[in-house]
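Engineer: After the structure tokens below, expect a handful of questions from me.
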4 protein chains.
Amino acid sequence: MRIDLNSDLGESFGNYKIGMDDEIIKVVSSVNIACGWHAGDPNVMDRTVKKAIENNVAIGCHPGFPDLMGFGRREMKVSPYELKNYVKYQIGALKAFVDSEGGTMQHVKPHGAMYNMAAKDENYANAIAEAVYEVDSNLILMGSYGSKMIESAKKIGLKTANEVFADRAYQKDGTLVPRSMDGAVIHDTEKAINQVMQMIQHNTVTAITGETIEIHADSICVHGDNIKAVEFVKEIKKRLINENINIIAIGD
Amino acid sequence: MRIDLNSDLGESFGNYKIGMDDEIIKVVSSVNIACGWHAGDPNVMDRTVKKAIENNVAIGCHPGFPDLMGFGRREMKVSPYELKNYVKYQIGALKAFVDSEGGTMQHVKPHGAMYNMAAKDENYANAIAEAVYEVDSNLILMGSYGSKMIESAKKIGLKTANEVFADRAYQKDGTLVPRSMDGAVIHDTEKAINQVMQMIQHNTVTAITGETIEIHADSICVHGDNIKAVEFVKEIKKRLINENINIIAIGD
Amino acid sequence: MRIDLNSDLGESFGNYKIGMDDEIIKVVSSVNIACGWHAGDPNVMDRTVKKAIENNVAIGCHPGFPDLMGFGRREMKVSPYELKNYVKYQIGALKAFVDSEGGTMQHVKPHGAMYNMAAKDENYANAIAEAVYEVDSNLILMGSYGSKMIESAKKIGLKTANEVFADRAYQKDGTLVPRSMDGAVIHDTEKAINQVMQMIQHNTVTAITGETIEIHADSICVHGDNIKAVEFVKEIKKRLINENINIIAIGD
Amino acid sequence: MRIDLNSDLGESFGNYKIGMDDEIIKVVSSVNIACGWHAGDPNVMDRTVKKAIENNVAIGCHPGFPDLMGFGRREMKVSPYELKNYVKYQIGALKAFVDSEGGTMQHVKPHGAMYNMAAKDENYANAIAEAVYEVDSNLILMGSYGSKMIESAKKIGLKTANEVFADRAYQKDGTLVPRSMDGAVIHDTEKAINQVMQMIQHNTVTAITGETIEIHADSICVHGDNIKAVEFVKEIKKRLINENINIIAIGD
């Protein structure tokens, strides 16, 4: 049994520092690196790619909307053609740093509002899948389990990685409980870890309304925003190791 | 005998159109495509790369400073490390569109203030040469004849292309007469064409002060800003063909 | 009888020129000047404000979304608090140029997607009305007739200006026929002028489905995108003058 | 005897937090608020203006270059006309938030590279002074003692505030020892406080080479970057109070 742990990295910008990149990179197996649109800049990208290679962690591209002021978290009604080109641009920009270091880009995982919109909207999902496929058909597209993005990726012939969340509750249709609703975030570490174990060992998750539903987990999204978040990830990792589940990057 | 004709393309942005790209692309052998920093955007890059491939014209990357408001023409005192990363980023971004179309990137030619600063400043020249070399050591670096950029490129092991100007007067040290001085721009078409012929056939140019100085021309920079500029380029091309000089991209 | 003719101006940016500002400013009574977010820059703002004062035309602020690449025409799901601050920022920025010239700002008319979203969404409409009111309660808020923006402006105590369109067809509920539908744009000059006359003289418009509905026109939106557009506006103006309708800025 | 303590505030941006604004605002008498170009955004501006008014601290505009990625610390060779318009734009943008709260803008102090370039370059100094004067001739222009900016401000008829630095060593010509040289920054708190006292009580400073030179201090620049910096400012303030020097905003 195996699982990937992924985290968003390289979201600092210019004089602004964000995230405990140096800590979280030692715990995860894959990183999603911001590309200068919703976060990150070329200097941060250079340093983050080098750091990933030093730490033997797989590199992913984390494209976002052109909205630094909103951190890529606000929906923007761009056209599918625009979206496709935005994703290509950011894959290429990051790839230059990966190529410079003799590394390999493993996957693409869109950020924030782009990720959420493409989870539900087929045109957006297709645009992203086409962008990835056309730039490099060996890249893996990571999206939430059951999303349109995974569908579009499979249809076009891309490898996919199903992402699940340790600390978020699920609805019975397999989608996340919206943050605006009670119980959306699981604050109890033990409960979160149990959810992860159930997902990996049984390919199921218990919905907030009690139903047991099917889910497939290739990668678990974790966060390095602060020391508490990093500690939480270390707890998950310890349990995974105890249960003889290997933590391996999706592409390995 | 052979020469390359190069022109800056893809400098439109969003709703803003600039340059007669569709006309000039039919006349030149190489194009330098803006990468979304001083000009251009991902949609324009996509369309321009496709256009270049359709017209069988060699593709170059045209990186600039992060200054859309100043069209990359204003000096910015970035550090060499920053400059290096800015160039890598833009090469990668454009490369994604070239790779998508199954094309090849031939060269890199910095834009505006970046080009001018790197012509004189060794640290900037080195930063650019290193960026190009590290991303793809097969790329050609284009710079003005006699510039630090050509020196740095040779030193690191890159192929180079010496750029010359048809309609600009030269000083006896081989540099251009600054635009602020009288006689900087050659307005007479016949005189400009004769300068080009002398450069290609004799490897010399006559300085504004009368001296004959050595120059090596691999590529002539031409403009497609307006219909008159395009007509001027057609005149040069006609003469080149009459003199049995082949117009061939630098990398061919 | 009186009417205002308004047009969007100052939408050039850096090296990029757009719109026939010098022509259209001689025909209209009010201008909406871009503030550097969806279009325009401080140099363009300075020149456009001076031009408006020279031509004795009333000045309005034309705030847009932070989306130069999309010309402010793409919906962005910002929060009402963000929207309020974005509008304040842009009013202030333009006001500095108006104050410098000893002029007066007459009105505020949001641009593109911001205008359209605030026409339907009460929270957005309130955010804009509050922004205008708090910065300067003497400003007039311009919005389409029947929009939430006009409602919010009245509620808070702002003067309002109902905007109507000469060359757009109306639905029976008083909203514009979407551009995606047949018949959305009126291409026949005579028909467009007749629609304008009916709006001003009878306070009605004939819907695309034939019904006569009530409408109140304080200002007609006209365009200076190209020479044909300017000629069309001159035709409207000629007819207005012939019918003894005075063309006067809304604030006069 | 009196002195002003000023600090740069509101330099957070979107999701990025920087500076201990809530701590330092309780210690100083004037704040310089970023305007969204080198740092800050409309939401941060709104919150910072409200905070300044609540804490009864005088408000200044802190305009910078259009270089968020470089935090406005990199020289940009803009034209004086461009610089003038950039300063006007930012004064206006901030003024909208100040006007909204019924507050008053006291002064303008340029940021980073803009401040340093205008200290030495007469054309830049004039451009800034003209911008401030034309928008509102009651504003005070703050610049380093002996700078071109102070000269230009006086010449045009603006009130001025001479800024001095507590923790920076001076050269015998009255300029700061460049950061690249040994001894540029005074790390000893007692020594820094003594320098401040000498400046206020004797209108002199001891140059790094030993000479006693004349200096006039209207305002001392202090920093709230971290807890240590805030503690240092509190030490200065304690000593000032002990010596019966009133801490009063420059405009009061």
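Identifiers for the structure tokens are assigned positionally: chains receive A, B, ... in sequence, residues are indexed from 1 per chain, and ligands are indexed from 1 in the order shown.
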Produce the least-squares-superposed copy of chain C, fitted on chain A over all in-order C-alpha pairs, as a PDB file with C-alpha atoms, in the first residue's frame.
Structural biologist:
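Output saved as out_6.pdb:
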ATOM      1  CA  MET C   1      -0.014   0.007   0.003  1.00  0.00           C
ATOM      2  CA  ARG C   2       1.158   3.476  -0.904  1.00  0.00           C
ATOM      3  CA  ILE C   3       0.113   7.098  -0.807  1.00  0.00           C
ATOM      4  CA  ASP C   4       1.506  10.471  -1.856  1.00  0.00           C
ATOM      5  CA  LEU C   5       1.549  13.512   0.428  1.00  0.00           C
ATOM      6  CA  ASN C   6       1.411  16.804  -1.507  1.00  0.00           C
ATOM      7  CA  SER C   7       1.682  20.389  -0.356  1.00  0.00           C
ATOM      8  CA  ASP C   8       1.562  23.852  -1.995  1.00  0.00           C
ATOM      9  CA  LEU C   9       4.972  25.558  -1.863  1.00  0.00           C
ATOM     10  CA  GLY C  10       6.814  28.590  -3.150  1.00  0.00           C
ATOM     11  CA  GLU C  11       3.951  30.992  -2.445  1.00  0.00           C
ATOM     12  CA  SER C  12       6.183  33.773  -1.135  1.00  0.00           C
ATOM     13  CA  PHE C  13       6.430  36.866  -3.327  1.00  0.00           C
ATOM     14  CA  GLY C  14       9.171  39.503  -3.443  1.00  0.00           C
ATOM     15  CA  ASN C  15       9.616  40.872   0.046  1.00  0.00           C
ATOM     16  CA  TYR C  16       6.660  38.844   1.336  1.00  0.00           C
ATOM     17  CA  LYS C  17       7.235  35.505   3.020  1.00  0.00           C
ATOM     18  CA  ILE C  18       4.488  32.914   3.470  1.00  0.00           C
ATOM     19  CA  GLY C  19       4.452  29.244   4.485  1.00  0.00           C
ATOM     20  CA  MET C  20       6.935  27.022   6.302  1.00  0.00           C
ATOM     21  CA  ASP C  21       8.464  25.627   3.130  1.00  0.00           C
ATOM     22  CA  ASP C  22      11.698  24.438   4.742  1.00  0.00           C
ATOM     23  CA  GLU C  23       9.780  22.354   7.283  1.00  0.00           C
ATOM     24  CA  ILE C  24       6.982  20.871   5.209  1.00  0.00           C
ATOM     25  CA  ILE C  25       9.268  19.865   2.330  1.00  0.00           C
ATOM     26  CA  LYS C  26      10.959  17.368   4.660  1.00  0.00           C
ATOM     27  CA  VAL C  27       7.650  15.614   5.327  1.00  0.00           C
ATOM     28  CA  VAL C  28       5.895  15.369   1.945  1.00  0.00           C
ATOM     29  CA  SER C  29       6.609  13.369  -1.211  1.00  0.00           C
ATOM     30  CA  SER C  30       5.315  15.886  -3.820  1.00  0.00           C
ATOM     31  CA  VAL C  31       5.166  19.690  -3.945  1.00  0.00           C
ATOM     32  CA  ASN C  32       3.011  22.028  -6.024  1.00  0.00           C
ATOM     33  CA  ILE C  33       5.048  25.126  -6.844  1.00  0.00           C
ATOM     34  CA  ALA C  34       3.352  28.482  -7.540  1.00  0.00           C
ATOM     35  CA  CYS C  35       4.273  30.087 -10.867  1.00  0.00           C
ATOM     36  CA  GLY C  36       4.113  33.842 -10.286  1.00  0.00           C
ATOM     37  CA  TRP C  37       0.449  34.433 -11.058  1.00  0.00           C
ATOM     38  CA  HIS C  38      -1.554  33.912  -7.861  1.00  0.00           C
ATOM     39  CA  ALA C  39       1.690  33.715  -5.830  1.00  0.00           C
ATOM     40  CA  GLY C  40       5.425  33.097  -6.209  1.00  0.00           C
ATOM     41  CA  ASP C  41       7.976  34.929  -8.348  1.00  0.00           C
ATOM     42  CA  PRO C  42      10.945  33.791 -10.461  1.00  0.00           C
ATOM     43  CA  ASN C  43      13.385  34.022  -7.542  1.00  0.00           C
ATOM     44  CA  VAL C  44      11.091  32.025  -5.289  1.00  0.00           C
ATOM     45  CA  MET C  45      10.547  29.497  -8.092  1.00  0.00           C
ATOM     46  CA  ASP C  46      14.304  29.068  -8.545  1.00  0.00           C
ATOM     47  CA  ARG C  47      14.896  28.530  -4.835  1.00  0.00           C
ATOM     48  CA  THR C  48      11.893  26.223  -4.392  1.00  0.00           C
ATOM     49  CA  VAL C  49      12.810  23.994  -7.333  1.00  0.00           C
ATOM     50  CA  LYS C  50      16.375  23.658  -5.981  1.00  0.00           C
ATOM     51  CA  LYS C  51      14.991  22.872  -2.531  1.00  0.00           C
ATOM     52  CA  ALA C  52      12.665  20.186  -3.943  1.00  0.00           C
ATOM     53  CA  ILE C  53      15.508  18.508  -5.797  1.00  0.00           C
ATOM     54  CA  GLU C  54      17.784  18.608  -2.729  1.00  0.00           C
ATOM     55  CA  ASN C  55      15.034  17.042  -0.644  1.00  0.00           C
ATOM     56  CA  ASN C  56      14.271  14.413  -3.277  1.00  0.00           C
ATOM     57  CA  VAL C  57      10.651  15.508  -3.520  1.00  0.00           C
ATOM     58  CA  ALA C  58       8.631  15.318  -6.763  1.00  0.00           C
ATOM     59  CA  ILE C  59       7.871  18.641  -8.457  1.00  0.00           C
ATOM     60  CA  GLY C  60       4.461  19.786  -9.636  1.00  0.00           C
ATOM     61  CA  CYS C  61       3.273  22.942 -11.314  1.00  0.00           C
ATOM     62  CA  HIS C  62       0.629  24.923  -9.394  1.00  0.00           C
ATOM     63  CA  PRO C  63      -0.914  27.362 -11.886  1.00  0.00           C
ATOM     64  CA  GLY C  64      -3.432  29.978 -10.726  1.00  0.00           C
ATOM     65  CA  PHE C  65      -5.487  32.902 -11.952  1.00  0.00           C
ATOM     66  CA  PRO C  66      -3.805  36.247 -12.704  1.00  0.00           C
ATOM     67  CA  ASP C  67      -4.928  37.628  -9.342  1.00  0.00           C
ATOM     68  CA  LEU C  68      -2.066  38.123  -6.897  1.00  0.00           C
ATOM     69  CA  MET C  69      -4.197  40.556  -4.861  1.00  0.00           C
ATOM     70  CA  GLY C  70      -6.769  37.797  -4.293  1.00  0.00           C
ATOM     71  CA  PHE C  71      -4.198  34.967  -4.032  1.00  0.00           C
ATOM     72  CA  GLY C  72      -5.975  33.206  -6.894  1.00  0.00           C
ATOM     73  CA  ARG C  73      -8.925  32.404  -4.669  1.00  0.00           C
ATOM     74  CA  ARG C  74     -11.528  34.502  -6.485  1.00  0.00           C
ATOM     75  CA  GLU C  75     -13.452  33.111  -9.425  1.00  0.00           C
ATOM     76  CA  MET C  76     -12.603  34.816 -12.714  1.00  0.00           C
ATOM     77  CA  LYS C  77     -14.804  34.134 -15.730  1.00  0.00           C
ATOM     78  CA  VAL C  78     -12.027  33.712 -18.251  1.00  0.00           C
ATOM     79  CA  SER C  79     -12.762  31.824 -21.476  1.00  0.00           C
ATOM     80  CA  PRO C  80     -11.616  28.207 -21.849  1.00  0.00           C
ATOM     81  CA  TYR C  81      -9.153  29.391 -24.528  1.00  0.00           C
ATOM     82  CA  GLU C  82      -7.669  31.917 -22.112  1.00  0.00           C
ATOM     83  CA  LEU C  83      -7.544  29.344 -19.320  1.00  0.00           C
ATOM     84  CA  LYS C  84      -5.744  26.873 -21.559  1.00  0.00           C
ATOM     85  CA  ASN C  85      -3.096  29.439 -22.442  1.00  0.00           C
ATOM     86  CA  TYR C  86      -2.698  30.573 -18.822  1.00  0.00           C
ATOM     87  CA  VAL C  87      -1.986  26.999 -17.767  1.00  0.00           C
ATOM     88  CA  LYS C  88       0.486  26.424 -20.609  1.00  0.00           C
ATOM     89  CA  TYR C  89       2.311  29.643 -19.762  1.00  0.00           C
ATOM     90  CA  GLN C  90       2.753  28.690 -16.127  1.00  0.00           C
ATOM     91  CA  ILE C  91       3.810  25.110 -16.839  1.00  0.00           C
ATOM     92  CA  GLY C  92       6.477  26.441 -19.203  1.00  0.00           C
ATOM     93  CA  ALA C  93       7.698  29.099 -16.795  1.00  0.00           C
ATOM     94  CA  LEU C  94       8.233  26.560 -14.011  1.00  0.00           C
ATOM     95  CA  LYS C  95       9.691  23.985 -16.394  1.00  0.00           C
ATOM     96  CA  ALA C  96      12.540  26.378 -17.225  1.00  0.00           C
ATOM     97  CA  PHE C  97      13.715  26.199 -13.611  1.00  0.00           C
ATOM     98  CA  VAL C  98      13.251  22.435 -13.426  1.00  0.00           C
ATOM     99  CA  ASP C  99      15.155  21.929 -16.704  1.00  0.00           C
ATOM    100  CA  SER C 100      17.936  24.235 -15.452  1.00  0.00           C
ATOM    101  CA  GLU C 101      18.507  21.907 -12.526  1.00  0.00           C
ATOM    102  CA  GLY C 102      18.271  18.727 -14.569  1.00  0.00           C
ATOM    103  CA  GLY C 103      15.064  17.798 -12.767  1.00  0.00           C
ATOM    104  CA  THR C 104      11.712  16.477 -13.984  1.00  0.00           C
ATOM    105  CA  MET C 105       8.249  17.922 -13.628  1.00  0.00           C
ATOM    106  CA  GLN C 106       5.918  15.222 -12.353  1.00  0.00           C
ATOM    107  CA  HIS C 107       2.466  16.788 -12.293  1.00  0.00           C
ATOM    108  CA  VAL C 108       0.178  19.783 -12.574  1.00  0.00           C
ATOM    109  CA  LYS C 109      -2.333  20.764  -9.901  1.00  0.00           C
ATOM    110  CA  PRO C 110      -4.307  23.981 -10.436  1.00  0.00           C
ATOM    111  CA  HIS C 111      -4.713  26.372  -7.520  1.00  0.00           C
ATOM    112  CA  GLY C 112      -7.629  27.834  -5.609  1.00  0.00           C
ATOM    113  CA  ALA C 113     -10.523  29.133  -7.679  1.00  0.00           C
ATOM    114  CA  MET C 114      -9.093  27.584 -10.851  1.00  0.00           C
ATOM    115  CA  TYR C 115      -9.050  24.163  -9.168  1.00  0.00           C
ATOM    116  CA  ASN C 116     -12.570  24.570  -7.842  1.00  0.00           C
ATOM    117  CA  MET C 117     -14.089  25.886 -11.070  1.00  0.00           C
ATOM    118  CA  ALA C 118     -12.466  23.127 -13.127  1.00  0.00           C
ATOM    119  CA  ALA C 119     -13.744  20.508 -10.693  1.00  0.00           C
ATOM    120  CA  LYS C 120     -17.310  21.283 -11.755  1.00  0.00           C
ATOM    121  CA  ASP C 121     -17.113  22.883 -15.198  1.00  0.00           C
ATOM    122  CA  GLU C 122     -16.378  20.542 -18.089  1.00  0.00           C
ATOM    123  CA  ASN C 123     -15.146  23.284 -20.416  1.00  0.00           C
ATOM    124  CA  TYR C 124     -12.625  24.480 -17.870  1.00  0.00           C
ATOM    125  CA  ALA C 125     -11.587  20.923 -17.068  1.00  0.00           C
ATOM    126  CA  ASN C 126     -11.042  20.187 -20.762  1.00  0.00           C
ATOM    127  CA  ALA C 127      -9.066  23.409 -21.216  1.00  0.00           C
ATOM    128  CA  ILE C 128      -6.669  22.459 -18.425  1.00  0.00           C
ATOM    129  CA  ALA C 129      -6.315  18.855 -19.559  1.00  0.00           C
ATOM    130  CA  GLU C 130      -5.579  19.979 -23.118  1.00  0.00           C
ATOM    131  CA  ALA C 131      -3.007  22.511 -21.931  1.00  0.00           C
ATOM    132  CA  VAL C 132      -1.153  19.882 -19.913  1.00  0.00           C
ATOM    133  CA  TYR C 133      -1.366  17.271 -22.652  1.00  0.00           C
ATOM    134  CA  GLU C 134      -0.156  19.585 -25.393  1.00  0.00           C
ATOM    135  CA  VAL C 135       2.842  20.886 -23.447  1.00  0.00           C
ATOM    136  CA  ASP C 136       3.935  17.457 -22.169  1.00  0.00           C
ATOM    137  CA  SER C 137       1.729  14.384 -22.367  1.00  0.00           C
ATOM    138  CA  ASN C 138       3.802  12.620 -19.702  1.00  0.00           C
ATOM    139  CA  LEU C 139       2.659  14.999 -16.986  1.00  0.00           C
ATOM    140  CA  ILE C 140       0.151  13.756 -14.414  1.00  0.00           C
ATOM    141  CA  LEU C 141      -2.920  15.914 -13.794  1.00  0.00           C
ATOM    142  CA  MET C 142      -3.931  16.069 -10.146  1.00  0.00           C
ATOM    143  CA  GLY C 143      -7.528  16.889  -9.235  1.00  0.00           C
ATOM    144  CA  SER C 144     -10.001  16.040  -6.512  1.00  0.00           C
ATOM    145  CA  TYR C 145     -11.506  12.568  -6.663  1.00  0.00           C
ATOM    146  CA  GLY C 146     -14.667  12.589  -8.751  1.00  0.00           C
ATOM    147  CA  SER C 147     -13.957  15.951 -10.352  1.00  0.00           C
ATOM    148  CA  LYS C 148     -14.486  16.925 -13.981  1.00  0.00           C
ATOM    149  CA  MET C 149     -10.738  17.539 -14.124  1.00  0.00           C
ATOM    150  CA  ILE C 150      -9.997  13.865 -13.552  1.00  0.00           C
ATOM    151  CA  GLU C 151     -12.613  12.932 -16.179  1.00  0.00           C
ATOM    152  CA  SER C 152     -11.159  15.304 -18.768  1.00  0.00           C
ATOM    153  CA  ALA C 153      -7.617  14.140 -18.074  1.00  0.00           C
ATOM    154  CA  LYS C 154      -8.564  10.487 -18.577  1.00  0.00           C
ATOM    155  CA  LYS C 155     -10.497  11.255 -21.742  1.00  0.00           C
ATOM    156  CA  ILE C 156      -7.528  12.990 -23.359  1.00  0.00           C
ATOM    157  CA  GLY C 157      -5.072  10.295 -22.306  1.00  0.00           C
ATOM    158  CA  LEU C 158      -3.266  11.868 -19.354  1.00  0.00           C
ATOM    159  CA  LYS C 159      -2.267  10.004 -16.229  1.00  0.00           C
ATOM    160  CA  THR C 160      -4.261  11.237 -13.244  1.00  0.00           C
ATOM    161  CA  ALA C 161      -3.875  11.532  -9.483  1.00  0.00           C
ATOM    162  CA  ASN C 162      -6.939  11.608  -7.240  1.00  0.00           C
ATOM    163  CA  GLU C 163      -6.486  14.091  -4.465  1.00  0.00           C
ATOM    164  CA  VAL C 164      -8.249  13.753  -1.120  1.00  0.00           C
ATOM    165  CA  PHE C 165      -8.295  15.870   2.000  1.00  0.00           C
ATOM    166  CA  ALA C 166      -7.418  14.765   5.514  1.00  0.00           C
ATOM    167  CA  ASP C 167      -9.080  17.546   7.413  1.00  0.00           C
ATOM    168  CA  ARG C 168     -12.174  18.232   5.334  1.00  0.00           C
ATOM    169  CA  ALA C 169     -15.556  16.553   5.697  1.00  0.00           C
ATOM    170  CA  TYR C 170     -17.243  14.984   2.656  1.00  0.00           C
ATOM    171  CA  GLN C 171     -20.854  15.110   1.458  1.00  0.00           C
ATOM    172  CA  LYS C 172     -22.655  11.984   0.345  1.00  0.00           C
ATOM    173  CA  ASP C 173     -22.120  12.871  -3.327  1.00  0.00           C
ATOM    174  CA  GLY C 174     -18.374  12.758  -2.752  1.00  0.00           C
ATOM    175  CA  THR C 175     -17.813  16.516  -2.817  1.00  0.00           C
ATOM    176  CA  LEU C 176     -16.394  18.501   0.074  1.00  0.00           C
ATOM    177  CA  VAL C 177     -18.692  20.105   2.638  1.00  0.00           C
ATOM    178  CA  PRO C 178     -18.425  23.834   1.766  1.00  0.00           C
ATOM    179  CA  ARG C 179     -16.398  25.884   4.253  1.00  0.00           C
ATOM    180  CA  SER C 180     -19.493  27.994   4.925  1.00  0.00           C
ATOM    181  CA  MET C 181     -21.228  25.005   6.537  1.00  0.00           C
ATOM    182  CA  ASP C 182     -20.793  23.592  10.028  1.00  0.00           C
ATOM    183  CA  GLY C 183     -18.437  20.659  10.267  1.00  0.00           C
ATOM    184  CA  ALA C 184     -16.622  21.464   7.033  1.00  0.00           C
ATOM    185  CA  VAL C 185     -13.201  21.311   8.664  1.00  0.00           C
ATOM    186  CA  ILE C 186     -12.135  18.403  10.861  1.00  0.00           C
ATOM    187  CA  HIS C 187     -10.249  19.905  13.782  1.00  0.00           C
ATOM    188  CA  ASP C 188      -9.670  16.655  15.660  1.00  0.00           C
ATOM    189  CA  THR C 189      -6.318  15.176  14.619  1.00  0.00           C
ATOM    190  CA  GLU C 190      -7.259  11.600  15.483  1.00  0.00           C
ATOM    191  CA  LYS C 191     -10.496  11.847  13.486  1.00  0.00           C
ATOM    192  CA  ALA C 192      -8.639  13.266  10.497  1.00  0.00           C
ATOM    193  CA  ILE C 193      -6.040  10.527  10.610  1.00  0.00           C
ATOM    194  CA  ASN C 194      -8.735   7.885  10.822  1.00  0.00           C
ATOM    195  CA  GLN C 195     -10.421   9.383   7.759  1.00  0.00           C
ATOM    196  CA  VAL C 196      -7.126   9.143   5.886  1.00  0.00           C
ATOM    197  CA  MET C 197      -6.654   5.516   6.917  1.00  0.00           C
ATOM    198  CA  GLN C 198     -10.165   4.574   5.842  1.00  0.00           C
ATOM    199  CA  MET C 199      -9.599   6.256   2.468  1.00  0.00           C
ATOM    200  CA  ILE C 200      -6.353   4.419   1.821  1.00  0.00           C
ATOM    201  CA  GLN C 201      -7.169   1.029   3.324  1.00  0.00           C
ATOM    202  CA  HIS C 202     -10.829   0.719   2.353  1.00  0.00           C
ATOM    203  CA  ASN C 203     -11.276   3.156  -0.523  1.00  0.00           C
ATOM    204  CA  THR C 204     -14.201   4.698   1.318  1.00  0.00           C
ATOM    205  CA  VAL C 205     -15.003   7.771   3.352  1.00  0.00           C
ATOM    206  CA  THR C 206     -17.839   8.365   5.798  1.00  0.00           C
ATOM    207  CA  ALA C 207     -19.964  11.296   4.652  1.00  0.00           C
ATOM    208  CA  ILE C 208     -20.983  13.973   7.154  1.00  0.00           C
ATOM    209  CA  THR C 209     -24.495  12.525   6.934  1.00  0.00           C
ATOM    210  CA  GLY C 210     -23.252   9.039   7.869  1.00  0.00           C
ATOM    211  CA  GLU C 211     -23.198   7.204   4.533  1.00  0.00           C
ATOM    212  CA  THR C 212     -20.144   5.217   3.538  1.00  0.00           C
ATOM    213  CA  ILE C 213     -19.139   6.240   0.036  1.00  0.00           C
ATOM    214  CA  GLU C 214     -16.459   5.135  -2.385  1.00  0.00           C
ATOM    215  CA  ILE C 215     -13.330   7.238  -2.797  1.00  0.00           C
ATOM    216  CA  HIS C 216      -9.905   6.670  -4.353  1.00  0.00           C
ATOM    217  CA  ALA C 217      -6.910   8.407  -2.867  1.00  0.00           C
ATOM    218  CA  ASP C 218      -3.654   8.763  -4.775  1.00  0.00           C
ATOM    219  CA  SER C 219      -2.477  11.830  -2.908  1.00  0.00           C
ATOM    220  CA  ILE C 220      -3.368  13.622   0.312  1.00  0.00           C
ATOM    221  CA  CYS C 221      -3.261  17.397   0.357  1.00  0.00           C
ATOM    222  CA  VAL C 222      -1.462  18.776   3.417  1.00  0.00           C
ATOM    223  CA  HIS C 223      -0.513  22.287   4.528  1.00  0.00           C
ATOM    224  CA  GLY C 224       2.592  24.008   5.853  1.00  0.00           C
ATOM    225  CA  ASP C 225       1.026  27.344   6.754  1.00  0.00           C
ATOM    226  CA  ASN C 226       2.211  27.293  10.348  1.00  0.00           C
ATOM    227  CA  ILE C 227       3.971  25.102  12.885  1.00  0.00           C
ATOM    228  CA  LYS C 228       0.696  23.489  14.026  1.00  0.00           C
ATOM    229  CA  ALA C 229      -0.127  22.479  10.463  1.00  0.00           C
ATOM    230  CA  VAL C 230       3.328  20.944  10.035  1.00  0.00           C
ATOM    231  CA  GLU C 231       2.946  19.012  13.291  1.00  0.00           C
ATOM    232  CA  PHE C 232      -0.395  17.660  12.076  1.00  0.00           C
ATOM    233  CA  VAL C 233       1.223  16.391   8.877  1.00  0.00           C
ATOM    234  CA  LYS C 234       3.969  14.717  10.899  1.00  0.00           C
ATOM    235  CA  GLU C 235       1.269  12.922  12.912  1.00  0.00           C
ATOM    236  CA  ILE C 236      -0.395  11.655   9.752  1.00  0.00           C
ATOM    237  CA  LYS C 237       2.954  10.513   8.399  1.00  0.00           C
ATOM    238  CA  LYS C 238       3.807   8.647  11.605  1.00  0.00           C
ATOM    239  CA  ARG C 239       0.537   6.750  11.496  1.00  0.00           C
ATOM    240  CA  LEU C 240       0.976   5.924   7.803  1.00  0.00           C
ATOM    241  CA  ILE C 241       4.405   4.484   8.504  1.00  0.00           C
ATOM    242  CA  ASN C 242       3.082   2.526  11.474  1.00  0.00           C
ATOM    243  CA  GLU C 243       0.423   0.998   9.241  1.00  0.00           C
ATOM    244  CA  ASN C 244       3.064   0.031   6.659  1.00  0.00           C
ATOM    245  CA  ILE C 245       1.754   2.433   4.059  1.00  0.00           C
ATOM    246  CA  ASN C 246       4.572   3.721   1.892  1.00  0.00           C
ATOM    247  CA  ILE C 247       4.758   7.441   1.244  1.00  0.00           C
ATOM    248  CA  ILE C 248       5.763   7.658  -2.404  1.00  0.00           C
ATOM    249  CA  ALA C 249       5.345  10.375  -5.007  1.00  0.00           C
ATOM    250  CA  ILE C 250       2.542   9.624  -7.469  1.00  0.00           C
ATOM    251  CA  GLY C 251       4.895   9.355 -10.434  1.00  0.00           C
ATOM    252  CA  ASP C 252       7.365   6.940  -8.889  1.00  0.00           C
TER     253      ASP C 252
END
Engineer: Taking the DSSP secondary structure from the backbone, can you list the residues of range 19-104 of chain A that are helix (DSSP H, G or I), as a count of residues only?
Structural biologist: 41
Engineer: Check range 107-235 of chain C with DSSP on the backbone and list each residue it calls strand (DSSP E), as a PyMOL selection string.
Structural biologist: chain C and resi 107-108+140-144+159-165+204-206+212-214+219-222
